[in-house]
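Worksheet: the structure to be examined is printed underneath.
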Amino acid sequence: MTASPESLAVGRAYQQTLLAALGDDDPAVAQAATPTNLRTLIADAGNDLRTRPEPAEWSAIELVGHMLDAELASSVRYRWILAELEPDLVPYDQDLWAARFHSADEPLETLLPLFDALRAANLRLWREASAADRARVGQHLERGPESYDLTFRLLAGHDRVHIAQARAGLDRIRAR
């Protein structure tokens with residue numbers, strides 16, 4: 001199955017947004033900083049952690065849940081790319097996952113340890129990967145070919161985009 005031209009265009013624009021958030025920074029360094037950045041965000045959020053900036057927007061805690069989902073999905077994609085020959089990389093509906101697996105009252109004690117464990121395992125996998133491993137490619141069903149390197153960089157940018165989104169949401173809540 002291949003991505004449609006429309007899906008590819010949207011997917012490439014999304015990739016560029018995430019890559020711009022990462023810039024020229026080392027993706028492993030950026031990803032390694034995320035657990036600390038999440039804890040700082042949570043501490044700074046205080047009583048607003050579970051407040052949505054707008055009814056249709058995620059709260060900071062819901063964004064943490066989404067970041068956990070992205071880490072989980074990326075964990076599988078990394079391993080498919082490294083183990084199989086140009087595997088299909090299945091997209092997921094972030095809104096369905098958020099509705100099914102997370103809520104505004106979800107305890108941090110369930111989110112953060114799982115995120116930390118997955119992130120540590122994925123950083124170890126990255127450090128152990130050769131240049132040839134990082135060049136291996138999977139076929140994202142919405143975005144087309146994505147190497148392990150690109151997939152890893154995208155997640156680093158994703159971290160930054162959503163932490164910034166959470167901070168902006170908290171600023172809007174406090175400005176009311």
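Quick note on naming: the chains in the structure tokens go A, B, ... in the order shown, residues restart at 1 in each chain, and ligands are numbered from 1 in order of appearance.
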
DSSP says strand (DSSP E or B) for which residues of chain A? Put them as JSON, numbers by chain?
{"A": [88, 89, 137, 138, 139, 140, 144, 145, 146, 147]}

Could those residues be written to a file, using C-alpha atoms, as a tab-separated table (two decimals), in the first residue's frame?
```tsv
chain	number	residue	atom	x	y	z
A	88	ASP	CA	4.96	-0.80	6.37
A	89	LEU	CA	4.83	1.79	9.17
A	137	VAL	CA	13.83	2.62	5.58
A	138	GLY	CA	10.23	1.80	6.34
A	139	GLN	CA	7.21	2.84	4.28
A	140	HIS	CA	4.94	5.06	6.34
A	144	GLY	CA	5.97	7.51	2.35
A	145	PRO	CA	9.56	6.35	2.93
A	146	GLU	CA	11.07	7.17	6.33
A	147	SER	CA	14.48	6.07	7.50
```

Find the residues near stretch 122-125 of chain A: any atom within 9 Å, counting only C-alpha atoms, skip ones fewer than 3 places away on the same chain, and give them as a list in words.
Ala28, Gln31, Ala32, Glu71, Ser74, Ser75, Tyr78, Arg79, Ala117, Leu118, Arg119, Glu128 and Ala129 of chain A

Neighbouring residues of A:Leu22 were defined as those with any atom within 12 Å, considering only C-alpha atoms; residues of the same chain fewer than 5 positions away were excluded. Please report them as a count of residues only.
19

My list of candidates is A:Trp126, A:Ala131, A:Asp105, A:Thr110. Which is closest to A:Arg52 when distances are computed with only C-alpha atoms?
A:Asp105

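Picture a line from atom CA of A:Thr36 to atom CA of A:Arg174; it runs 22.9 Å.
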
Do you have the atom CA of A:Ser130-atom CA of A:Ile81 distance handy?
13.1 Å

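The nearest approach to A:Asn37 among the residues A:Ala60, A:Val76, A:Leu141, A:Ile163, with only C-alpha atoms taken into account, belongs to A:Ile163.
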
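The gap separating atom CA of A:Leu112 from atom CA of A:Pro35 is 7.9 Å, in Å to one decimal.
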